[in-house]
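Containing mmCIF, C-alpha atoms (C1' of nucleotides): input13.cif.
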data_coords
#
loop_
_atom_site.label_atom_id
_atom_site.label_comp_id
_atom_site.auth_asym_id
_atom_site.auth_seq_id
_atom_site.Cartn_x
_atom_site.Cartn_y
_atom_site.Cartn_z
CA MET A 33 -70.67 -59.78 88.05
CA ILE A 34 -71.09 -62.59 85.56
CA GLU A 35 -68.70 -64.22 83.14
CA PHE A 36 -69.62 -66.25 80.08
CA TYR A 37 -68.58 -67.09 76.53
CA ILE A 38 -69.84 -67.10 73.00
CA SER A 39 -68.68 -70.23 71.25
CA SER A 40 -66.92 -70.07 67.89
CA LYS A 41 -69.36 -72.71 66.72
CA LYS A 42 -72.22 -70.24 67.21
CA ILE A 43 -70.86 -67.66 64.75
CA LYS A 44 -70.26 -67.91 61.03
CA GLY A 45 -66.66 -67.21 60.14
CA PRO A 46 -63.84 -65.56 62.12
CA PHE A 47 -64.01 -62.61 64.50
CA ASN A 48 -61.04 -60.32 65.15
CA LEU A 49 -62.04 -58.05 68.01
CA PRO A 50 -59.09 -55.58 68.10
CA LEU A 51 -59.23 -55.19 64.33
CA THR A 52 -62.97 -54.48 64.45
CA MET A 53 -62.56 -52.11 67.39
CA GLU A 54 -59.71 -50.07 65.93
CA SER A 55 -60.70 -49.85 62.26
CA GLY A 56 -62.18 -46.33 62.56
CA GLN A 57 -65.85 -47.12 61.94
CA THR A 58 -68.04 -44.13 62.76
CA SER A 59 -70.50 -45.88 65.07
CA GLN A 60 -68.55 -44.88 68.19
CA PRO A 61 -64.98 -44.38 69.44
CA PRO A 62 -63.03 -47.56 70.32
CA TRP A 63 -63.80 -48.93 73.76
CA LYS A 64 -61.40 -48.49 76.68
CA LYS A 65 -58.55 -50.94 76.29
CA ASP A 66 -57.35 -52.98 79.25
CA ASN A 67 -54.59 -55.42 78.29
CA SER A 68 -56.23 -57.40 75.49
CA GLN A 69 -59.75 -56.68 76.72
CA PHE A 70 -62.09 -53.84 75.81
CA GLN A 71 -64.58 -52.21 78.14
CA GLU A 72 -67.60 -49.97 77.71
CA ILE A 73 -70.77 -49.08 79.53
CA LEU A 74 -73.88 -50.27 77.73
CA ILE A 75 -77.50 -49.58 78.54
CA ILE A 76 -79.24 -52.95 78.46
CA ASP A 77 -82.96 -53.25 79.27
CA GLY A 78 -82.67 -49.66 80.54
CA ALA A 79 -79.95 -50.51 83.06
CA PRO A 80 -76.23 -49.64 83.03
CA CYS A 81 -73.91 -52.58 82.44
CA LEU A 82 -70.15 -52.51 82.23
CA VAL A 83 -69.18 -55.01 79.55
CA ASN A 84 -65.64 -56.30 79.28
CA ILE A 85 -64.91 -58.40 76.22
CA GLY A 86 -61.93 -60.20 74.80
CA ASN A 87 -61.23 -62.80 72.15
CA GLU A 88 -57.55 -63.56 72.60
CA ASP A 89 -58.29 -66.64 74.65
CA GLN A 90 -56.15 -69.72 74.10
CA ASP A 91 -59.16 -71.95 73.76
CA GLN A 92 -60.04 -72.07 70.08
CA ASP A 93 -63.68 -72.78 70.78
CA ILE A 94 -64.23 -69.38 72.41
CA ALA A 95 -65.08 -66.56 69.99
CA VAL A 96 -65.75 -63.98 72.70
CA LYS A 97 -65.26 -63.95 76.46
CA ILE A 98 -67.63 -61.58 78.25
CA ILE A 99 -67.45 -60.25 81.81
CA ALA A 100 -70.44 -58.09 82.72
CA GLU A 101 -70.97 -56.00 85.83
CA SER A 102 -74.11 -54.12 86.78
CA PRO A 103 -75.86 -52.76 89.89
CA ASN A 104 -79.05 -54.17 88.38
CA SER A 105 -79.89 -57.74 87.58
CA ILE A 106 -79.66 -58.19 83.82
CA PRO A 107 -80.31 -61.54 82.12
CA GLN A 108 -77.20 -63.04 80.55
CA LYS A 109 -79.16 -63.57 77.35
CA ALA A 110 -79.82 -59.82 76.98
CA ILE A 111 -76.12 -59.00 77.38
CA LYS A 112 -75.18 -61.69 74.89
CA ASN A 113 -77.68 -60.41 72.32
CA LYS A 114 -76.36 -56.87 72.67
CA VAL A 115 -72.78 -58.04 72.09
CA ILE A 116 -73.87 -60.13 69.10
CA GLU A 117 -75.59 -57.09 67.62
CA ILE A 118 -72.78 -54.58 68.23
CA PHE A 119 -70.10 -56.83 66.71
CA SER A 120 -72.33 -58.18 63.93
CA LEU A 121 -71.65 -61.74 65.06
CA ASN A 122 -74.62 -62.99 63.06
CA ASP A 123 -73.04 -61.90 59.77
CA ASN A 124 -71.71 -64.83 57.77
CA LEU A 125 -68.13 -63.87 56.95
CA ASP A 126 -67.50 -67.21 55.23
CA LYS A 127 -70.09 -66.15 52.66
CA LEU A 128 -68.52 -62.68 52.44
CA TYR A 129 -65.15 -64.27 51.68
CA ASP A 130 -66.73 -66.44 48.98
CA PHE A 131 -68.13 -63.26 47.44
CA LEU A 132 -64.85 -61.33 47.71
CA SER A 133 -62.89 -64.24 46.23
CA GLU A 134 -64.99 -64.16 43.06
CA ASP A 135 -63.65 -60.69 42.17
CA PRO A 136 -59.87 -60.58 41.60
CA LYS A 137 -59.90 -56.88 42.58
CA LEU A 138 -61.43 -57.72 45.96
CA SER A 139 -59.85 -61.07 46.82
CA PRO A 140 -56.62 -59.54 48.25
CA THR A 141 -58.67 -57.78 50.93
CA VAL A 142 -59.54 -61.05 52.64
CA ASP A 143 -56.08 -61.76 54.06
CA HIS A 144 -55.73 -58.18 55.31
CA CYS A 145 -59.12 -58.04 57.00
CA ARG A 146 -59.89 -61.55 58.22
CA GLY A 147 -62.32 -61.35 61.13
CA LEU A 148 -63.14 -57.67 60.60
CA ARG A 149 -66.83 -57.08 61.24
CA ILE A 150 -69.19 -54.12 61.16
CA PHE A 151 -68.83 -52.33 64.52
CA LYS A 152 -72.45 -51.37 64.97
CA ALA A 153 -73.73 -48.57 67.18
CA LYS A 154 -74.49 -49.33 70.82
CA ASN A 155 -76.63 -46.20 70.63
CA PRO A 156 -77.95 -44.98 67.25
CA PHE A 157 -78.02 -41.31 68.29
CA GLU A 158 -74.33 -41.52 69.23
CA CYS A 159 -73.65 -42.90 65.77
CA VAL A 160 -75.54 -40.04 64.10
CA ILE A 161 -73.44 -37.48 65.98
CA SER A 162 -70.20 -39.44 65.48
CA SER A 163 -70.82 -39.63 61.75
CA ILE A 164 -71.55 -35.89 61.51
CA SER A 165 -68.39 -35.19 63.53
CA SER A 166 -66.30 -37.40 61.24
CA ALA A 167 -67.06 -35.37 58.11
CA ASN A 168 -63.99 -33.56 56.83
CA CYS A 169 -62.12 -34.73 59.93
CA SER A 170 -59.50 -37.29 60.97
CA ILE A 171 -60.41 -40.44 62.90
CA LEU A 172 -58.22 -39.26 65.79
CA ARG A 173 -60.01 -35.96 66.02
CA TRP A 174 -63.64 -37.11 65.82
CA THR A 175 -63.13 -39.95 68.31
CA ARG A 176 -61.57 -37.47 70.73
CA SER A 177 -64.53 -35.12 70.25
CA ILE A 178 -67.07 -37.85 71.01
CA GLN A 179 -65.15 -38.87 74.14
CA ASN A 180 -65.20 -35.22 75.26
CA ILE A 181 -68.96 -34.98 74.70
CA LYS A 182 -69.54 -38.15 76.74
CA GLN A 183 -67.40 -36.90 79.62
CA LYS A 184 -69.05 -33.50 79.77
CA TRP A 185 -72.72 -34.38 79.34
CA GLY A 186 -73.20 -38.14 79.54
CA ASP A 187 -74.31 -39.98 82.67
CA SER A 188 -71.32 -41.03 84.75
CA TYR A 189 -71.04 -44.49 86.29
CA HIS A 190 -68.29 -45.63 88.60
CA PHE A 191 -66.88 -49.14 88.47
CA SER A 192 -63.77 -50.66 90.04
CA SER A 193 -61.97 -50.34 86.70
CA GLY A 194 -62.78 -46.64 86.40
CA ASN A 195 -65.45 -44.13 85.44
CA PHE A 196 -67.53 -44.62 82.32
CA HIS A 197 -69.87 -42.22 80.58
CA THR A 198 -72.86 -42.87 78.39
CA PHE A 199 -73.54 -40.70 75.35
CA PRO A 200 -75.91 -37.81 76.24
CA THR A 201 -79.53 -37.88 75.12
CA PRO A 202 -80.81 -35.60 72.33
CA GLU A 203 -82.64 -33.59 75.01
CA ILE A 204 -79.40 -32.79 76.80
CA LEU A 205 -77.22 -32.28 73.73
CA SER A 206 -79.70 -29.93 72.04
CA ASN A 207 -79.42 -27.58 75.02
CA VAL A 208 -75.63 -27.27 75.45
CA PRO A 209 -73.90 -23.99 74.48
CA GLU A 210 -72.55 -24.01 70.94
CA HIS A 211 -69.33 -22.08 71.58
CA ASP A 212 -67.38 -19.91 74.07
CA LEU A 213 -69.54 -16.83 73.51
CA GLU A 214 -72.77 -18.67 74.21
CA GLU A 215 -71.28 -20.34 77.27
CA ILE A 216 -70.28 -17.02 78.81
CA GLN A 217 -73.59 -15.38 77.89
CA ARG A 218 -75.40 -18.08 79.82
CA TYR A 219 -73.05 -17.87 82.80
CA GLU A 220 -74.84 -16.93 86.00
CA GLY A 221 -73.18 -14.55 88.42
CA GLU A 222 -69.74 -12.93 88.50
CA ILE A 223 -67.27 -14.28 85.94
CA PRO A 224 -64.07 -15.34 87.70
CA GLY A 225 -60.74 -14.09 86.39
CA ASN A 226 -59.53 -17.65 85.86
CA PHE A 227 -62.68 -18.69 83.95
CA MET A 228 -62.06 -21.52 81.54
CA PHE A 229 -64.33 -22.20 78.60
CA LYS A 230 -65.01 -25.89 78.48
CA ASN A 231 -68.69 -26.65 78.78
CA ASN A 232 -69.55 -25.92 75.18
CA LEU A 233 -69.63 -28.05 72.05
CA GLN A 234 -66.93 -26.29 70.08
CA ALA A 235 -64.55 -26.77 73.03
CA CYS A 236 -64.91 -30.52 72.34
CA GLY A 237 -63.05 -30.00 69.06
CA VAL A 238 -65.97 -30.40 66.66
CA GLY A 239 -65.32 -27.03 65.02
CA TYR A 240 -68.02 -25.64 62.74
CA ARG A 241 -69.99 -28.89 63.12
CA ALA A 242 -71.20 -27.71 66.56
CA LYS A 243 -74.32 -26.06 65.14
CA TYR A 244 -75.08 -29.10 62.98
CA ILE A 245 -74.89 -31.30 66.09
CA ILE A 246 -77.19 -29.09 68.16
CA ASN A 247 -79.75 -28.77 65.36
CA THR A 248 -79.63 -32.50 64.63
CA ALA A 249 -80.21 -33.18 68.33
CA LYS A 250 -83.28 -30.94 68.10
CA MET A 251 -84.60 -32.59 64.93
CA VAL A 252 -84.41 -36.16 66.22
CA GLN A 253 -86.77 -35.07 69.01
CA THR A 254 -89.37 -33.78 66.57
CA ASP A 255 -89.32 -34.31 62.78
CA ILE A 256 -87.08 -37.36 62.57
CA ASN A 257 -87.72 -40.34 64.79
CA LEU A 258 -84.73 -42.69 64.95
CA LYS A 259 -86.91 -45.65 65.95
CA LYS A 260 -89.02 -45.20 62.82
CA LEU A 261 -85.88 -44.75 60.75
CA ALA A 262 -84.68 -48.20 61.80
CA LYS A 263 -87.78 -49.75 60.25
CA MET A 264 -87.64 -47.90 56.93
CA LYS A 265 -86.37 -49.38 53.70
CA TYR A 266 -82.84 -48.25 52.84
CA GLU A 267 -83.73 -45.70 50.12
CA LYS A 268 -86.38 -44.01 52.23
CA ALA A 269 -84.07 -43.96 55.25
CA PHE A 270 -81.33 -42.40 53.11
CA GLU A 271 -83.61 -39.56 51.99
CA THR A 272 -84.73 -39.06 55.59
CA VAL A 273 -81.31 -38.75 57.24
CA LEU A 274 -80.21 -36.38 54.46
CA GLU A 275 -82.58 -33.83 56.00
CA LEU A 276 -80.40 -33.60 59.11
CA PRO A 277 -77.95 -30.68 59.10
CA GLY A 278 -74.36 -31.78 58.52
CA VAL A 279 -75.54 -34.96 56.80
CA GLY A 280 -74.70 -35.37 53.12
CA PRO A 281 -74.57 -38.63 51.12
CA LYS A 282 -71.39 -39.99 52.72
CA VAL A 283 -72.44 -39.31 56.30
CA ALA A 284 -75.97 -40.60 55.55
CA ASP A 285 -74.53 -43.93 54.42
CA CYS A 286 -72.29 -44.14 57.50
CA ILE A 287 -75.32 -43.56 59.73
CA LEU A 288 -77.36 -46.23 57.96
CA LEU A 289 -74.51 -48.77 57.82
CA TYR A 290 -72.98 -48.37 61.28
CA GLY A 291 -76.00 -47.00 63.14
CA PHE A 292 -78.76 -49.16 61.70
CA GLY A 293 -77.00 -52.12 60.10
CA MET A 294 -78.17 -51.41 56.53
CA LYS A 295 -75.39 -53.28 54.79
CA GLN A 296 -76.33 -52.23 51.26
CA ALA A 297 -75.00 -48.72 52.09
CA PHE A 298 -71.71 -47.85 50.38
CA PRO A 299 -70.26 -44.72 52.03
CA ALA A 300 -68.32 -42.99 49.26
CA ASP A 301 -65.54 -40.85 50.71
CA VAL A 302 -62.51 -39.50 48.91
CA TRP A 303 -60.40 -42.58 49.74
CA ILE A 304 -62.95 -45.05 48.43
CA LYS A 305 -63.26 -42.90 45.32
CA ARG A 306 -59.49 -43.14 44.76
CA ILE A 307 -59.44 -46.88 45.47
CA ILE A 308 -62.37 -47.64 43.15
CA GLU A 309 -60.87 -45.49 40.40
CA PHE A 310 -57.51 -47.22 40.79
CA LEU A 311 -58.99 -50.73 40.78
CA TYR A 312 -61.69 -50.42 38.14
CA PHE A 313 -61.34 -47.24 36.10
CA SER A 314 -57.58 -46.54 35.84
CA LYS A 315 -57.80 -42.82 35.04
CA ASN A 316 -61.34 -41.47 35.22
CA ASP A 317 -62.40 -38.77 37.61
CA LEU A 318 -65.56 -40.20 39.13
CA LYS A 319 -68.09 -38.08 40.97
CA PRO A 320 -68.81 -39.33 44.52
CA GLN A 321 -72.39 -40.11 43.49
CA LYS A 322 -71.08 -42.40 40.72
CA VAL A 323 -68.80 -44.17 43.19
CA ARG A 324 -71.80 -44.78 45.46
CA GLU A 325 -73.87 -46.16 42.58
CA PHE A 326 -70.99 -48.36 41.44
CA GLY A 327 -70.66 -49.85 44.92
CA MET A 328 -74.36 -50.48 45.36
CA GLU A 329 -74.82 -52.00 41.91
CA ASN A 330 -71.79 -54.27 42.06
CA TYR A 331 -71.71 -55.34 45.68
CA GLY A 332 -75.41 -55.47 46.68
CA ASP A 333 -75.94 -56.45 50.28
CA TRP A 334 -72.17 -56.76 50.76
CA ALA A 335 -71.56 -53.11 49.80
CA GLY A 336 -70.95 -51.93 53.37
CA TYR A 337 -68.46 -54.73 54.01
CA VAL A 338 -66.70 -54.15 50.69
CA GLN A 339 -66.27 -50.46 51.57
CA LEU A 340 -64.89 -51.39 55.01
CA TYR A 341 -62.58 -54.07 53.60
CA LEU A 342 -61.30 -51.94 50.71
CA PHE A 343 -60.47 -49.07 53.01
CA HIS A 344 -58.70 -51.24 55.57
CA TYR A 345 -56.88 -53.15 52.85
CA ALA A 346 -55.69 -49.91 51.28
CA ARG A 347 -54.53 -48.63 54.67
CA THR A 348 -52.52 -51.72 55.53
CA SER A 349 -51.13 -52.56 52.10
CA GLY A 350 -49.61 -49.16 51.33
CA LEU A 351 -52.10 -48.58 48.50
CA LEU A 352 -53.66 -45.63 50.33
CA GLU A 353 -50.34 -43.84 50.63
CA SER A 354 -49.65 -44.30 46.93
CA LEU A 355 -53.07 -42.86 46.05
CA ARG A 356 -52.67 -39.76 48.24
CA GLY A 357 -53.42 -36.56 46.34
CA LYS A 358 -54.78 -38.31 43.25
"C1'" DT T 61 -43.91 -21.62 61.38
"C1'" DT T 62 -47.37 -22.27 57.55
"C1'" DC T 63 -49.90 -25.60 55.10
"C1'" DC T 64 -53.24 -28.78 54.19
"C1'" DA T 65 -56.75 -32.83 54.54
"C1'" DG T 66 -61.46 -33.84 54.59
"C1'" DG T 67 -67.63 -33.70 53.48
"C1'" DT T 68 -71.27 -30.41 53.65
"C1'" DA T 69 -73.76 -26.11 52.92
"C1'" DG T 70 -74.19 -22.08 50.63
"C1'" DT T 71 -73.60 -19.19 46.62
"C1'" DC T 72 -73.17 -18.20 41.91
"C1'" DG T 73 -73.93 -18.90 36.92
"C1'" DC U 14 -78.83 -28.44 37.77
"C1'" DG U 15 -73.06 -28.19 38.15
"C1'" DA U 16 -69.00 -25.82 39.78
"C1'" DC U 17 -66.75 -23.54 43.26
"C1'" DT U 18 -65.44 -22.27 47.98
"C1'" DA U 19 -65.72 -21.38 53.10
"C1'" DC U 20 -65.87 -23.79 57.11
"C1'" DC U 21 -62.51 -25.46 62.16
"C1'" DT U 22 -58.91 -28.02 63.90
"C1'" DG U 23 -54.70 -30.36 64.57
"C1'" DG U 24 -50.98 -33.05 62.64
"C1'" DA U 25 -47.13 -32.77 59.20
#
Exercise: express the given structure as C-alpha cells:
Amino acid sequence: MIEFYISSKKIKGPFNLPLTMESGQTSQPPWKKDNSQFQEILIIDGAPCLVNIGNEDQDQDIAVKIIAESPNSIPQKAIKNKVIEIFSLNDNLDKLYDFLSEDPKLSPTVDHCRGLRIFKAKNPFECVISSISSANCSILRWTRSIQNIKQKWGDSYHFSSGNFHTFPTPEILSNVPEHDLEEIQRYEGEIPGNFMFKNNLQACGVGYRAKYIINTAKMVQTDINLKKLAKMKYEKAFETVLELPGVGPKVADCILLYGFGMKQAFPADVWIKRIIEFLYFSKNDLKPQKVREFGMENYGDWAGYVQLYLFHYARTSGLLESLRGK
DNA sequence: TTCCAGGTAGTCG
DNA sequence: CGACTACCTGGA
C-alpha cells in the first residue's frame, strides 16, 4: 500500500473530484464512494490496483490524494499517470475558462462547473459499452446496467474495503447469453424449479441493447481494433465507430470524447439540442446533425468541454427543467 | 395504474 | 435521401 499526492501546482486550473465523478459522463459508472473518497480497481501495467482518491484535503497545495493497494509491485509513477489520464488533469481549465468567458452565452457555465473535468475511460471497451447502454436511457439505469455486467462477468478482486470487479473483456462479453431464453437453452442438466434467470445480458437491464452489445463485443475482436482507433484522426475515428451496432452519431461522439479523449467531439443529444436552440436560435427546430456541426464549428477543441459544461449548467440552474418537452 | 423519456435501426415513400 | 416508428425499462 502506498500513499502520495498530486500537487495543485502540477495541474492547470481547479479540479473538483466529486463533481467530475457524479456528472454522468458515459466513460464508466461513478466509483465506489467511501466518505469523501472514491475507489475503483484499475489495471495498471497489467496488474490489478485498488486506487482510492480524494481531493477534499485541507491542505490547499494538494489537488489529489492517492492511496493505492496492489498484490503486485507497481511503480508510483504509473499509478499517477493513470490518475492524471482518467481525470484529464493535464487539461488547462484556466484556458477553458478564458474561452468560455469570451462568449456571454457560455460564461455563466463557469461558476456552475468550476473544476469539472472530462472523466475519461479507465478501459476504452467499457466506455464503448457504457455509451451504447446510455442511448435512450437514464443515467441511473445505464450505470446500474454496467455495474451488473461487471459483477456477473468481470474479474473479481478482494480488498479489505470490499470486492471490486473489472469490466469483462470483449472475448467474455461476446459469449454471454443475450436473454432469458438463450440462458435456459444453454443450461446443462435438469432445470431446478426455483431457477432464476440472471446470467444473461438483458437481465442486467440493458433492454433491446443486449444484441448491440454482444455484436459490438464481437466486432472489436475482428473488424474494429480499439488500439488503432485511438490513433486515428477524429473524422476517421467517427466513421469507424459508427459501424458498430447501437452506435449512431451521439454515441459515437461520446465514445470518442470519453473513451479516447478526442475533445473536438460534440455529442448532440436532445438536451444539448434544446439548450443550443434556446441560447442561440430562439425558436428554430434544429436537426441533431446541425447541432453537432454548430458545436464543432464554434467551439473547436473545446467542443467536448462546452457540451459537458452546458449540460451540467442547465441541470443545476433550472434551465433544463424549463426546456423539458420543447 | 398507465404513461413517457430517450438514440438507433429499420422501413417506407 | 428524409420522415416516421418500434424498441426495453423504470421512474413519475
Practice problem: For CA of Phe292 in chain A and CA of Ser120 in chain A, determine how far apart the two atoms are, in Å to one decimal place. | Solution: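 CA of Phe292 in chain A sits 11.3 Å away from CA of Ser120 in chain A.
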Self-check item: Coordinates-based distance that separates CA of Phe119 in chain A from CA of Phe196 in chain A (Å, one decimal)
Solution: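 Interatomic distance here is 20.0 Å.
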Exercise. Spell out the residues picked by the PyMOL selection byres ((chain U and resi 18) around 12) here, as a PyMOL selection string.
Key: (chain T and resi 68-72) or (chain U and resi 16-17+19-20)
How would the residues just chosen look if you wrote them out with C-alpha atoms (C1' of nucleotides) as a PDB file, in the coordinates of the input?
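Listed below is the output, out.pdb:
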ATOM      1  C1'  DT T  68     -71.270 -30.410  53.650  1.00  0.00           C
ATOM      2  C1'  DA T  69     -73.760 -26.110  52.920  1.00  0.00           C
ATOM      3  C1'  DG T  70     -74.190 -22.080  50.630  1.00  0.00           C
ATOM      4  C1'  DT T  71     -73.600 -19.190  46.620  1.00  0.00           C
ATOM      5  C1'  DC T  72     -73.170 -18.200  41.910  1.00  0.00           C
TER       6       DC T  72
ATOM      7  C1'  DA U  16     -69.000 -25.820  39.780  1.00  0.00           C
ATOM      8  C1'  DC U  17     -66.750 -23.540  43.260  1.00  0.00           C
ATOM      9  C1'  DA U  19     -65.720 -21.380  53.100  1.00  0.00           C
ATOM     10  C1'  DC U  20     -65.870 -23.790  57.110  1.00  0.00           C
TER      11       DC U  20
END
Exercise. Compute the distance from (-49.5, -32.3, 60.7) to each atom, counting all atoms listed in the file, keep the residues with any atom at most 10 Å away, and return them as a list in words; use the coordinates of the file.
Key: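 Checking each residue against the 10 Å limit leaves DC63, DC64 and DA65 of chain T; DG23, DG24 and DA25 of chain U.
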Quiz item: Applied to the shown file, which residues does the PyMOL selection byres ((chain A and resi 205-209) around 6) return, written as a count of residues only?
Solution: 11
Self-check item: Hits from the PyMOL selection byres ((chain U and resi 21) around 12), listed as a VMD selection string
Solution: (chain A and resid 165 167 to 169 173 234 to 242) or (chain T and resid 66) or (chain U and resid 19 to 20 22 to 23)
Atoms to include: C-alpha atoms (C1' of nucleotides). Write the selected residues as a CSV table (one decimal), in the frame of the given file.
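Below you can see selection09.csv, which holds the result:
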chain,number,residue,atom,x,y,z
A,165,SER,CA,-68.4,-35.2,63.5
A,167,ALA,CA,-67.1,-35.4,58.1
A,168,ASN,CA,-64.0,-33.6,56.8
A,169,CYS,CA,-62.1,-34.7,59.9
A,173,ARG,CA,-60.0,-36.0,66.0
A,234,GLN,CA,-66.9,-26.3,70.1
A,235,ALA,CA,-64.6,-26.8,73.0
A,236,CYS,CA,-64.9,-30.5,72.3
A,237,GLY,CA,-63.0,-30.0,69.1
A,238,VAL,CA,-66.0,-30.4,66.7
A,239,GLY,CA,-65.3,-27.0,65.0
A,240,TYR,CA,-68.0,-25.6,62.7
A,241,ARG,CA,-70.0,-28.9,63.1
A,242,ALA,CA,-71.2,-27.7,66.6
T,66,DG,C1',-61.5,-33.8,54.6
U,19,DA,C1',-65.7,-21.4,53.1
U,20,DC,C1',-65.9,-23.8,57.1
U,22,DT,C1',-58.9,-28.0,63.9
U,23,DG,C1',-54.7,-30.4,64.6
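Interatomic distance, CA of Ile118 in chain A to CA of Lys152 in chain A: 4.6 Å.
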Quiz item: Of the candidates A:Thr201, A:Gln217, A:Ser354, A:Ser166, which shows the shortest atom-to-atom distance to chain T, using only C-alpha atoms (C1' of nucleotides)?
Solution: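 Of A:Thr201, A:Gln217, A:Ser354, A:Ser166, the one nearest chain T is A:Ser166, counting only C-alpha atoms (C1' of nucleotides).
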Quiz prompt | Ser55 in chain A surroundings by only C-alpha atoms (C1' of nucleotides), 12 Å radius, close-in-sequence under 6 positions cut, as a ChimeraX atom specification | solution = /A:48-49,61-63,144-145,147-151,171-172,175,340-345,347-348
Quiz prompt | Selection: 12 Å around range 78-82 of chain A, only C-alpha atoms (C1' of nucleotides), excl. self and same-chain fewer than 2 positions, as a VMD selection string | solution = chain A and resid 33 to 35 63 to 64 70 to 76 84 to 85 98 to 108 110 to 112 114 to 115 187 to 198
Please, which residues in chain A fall within 8 Å of chain T when counting all atoms listed in the file, and what is the closest atom pair and distance in Å to one decimal for each, ordered by chain then residue number, as CSV?
residue,atom,partner,partner_atom,distance
A:Ala167,CA,T:DG67,C1',5.0
A:Asn168,CA,T:DG66,C1',3.4
A:Cys169,CA,T:DG66,C1',5.5
A:Ser170,CA,T:DG66,C1',7.5
A:Gly278,CA,T:DT68,C1',5.9
A:Val279,CA,T:DT68,C1',7.0
A:Gly280,CA,T:DT68,C1',6.1
A:Lys282,CA,T:DG67,C1',7.4
A:Val283,CA,T:DG67,C1',7.9
A:Asp301,CA,T:DG67,C1',7.9
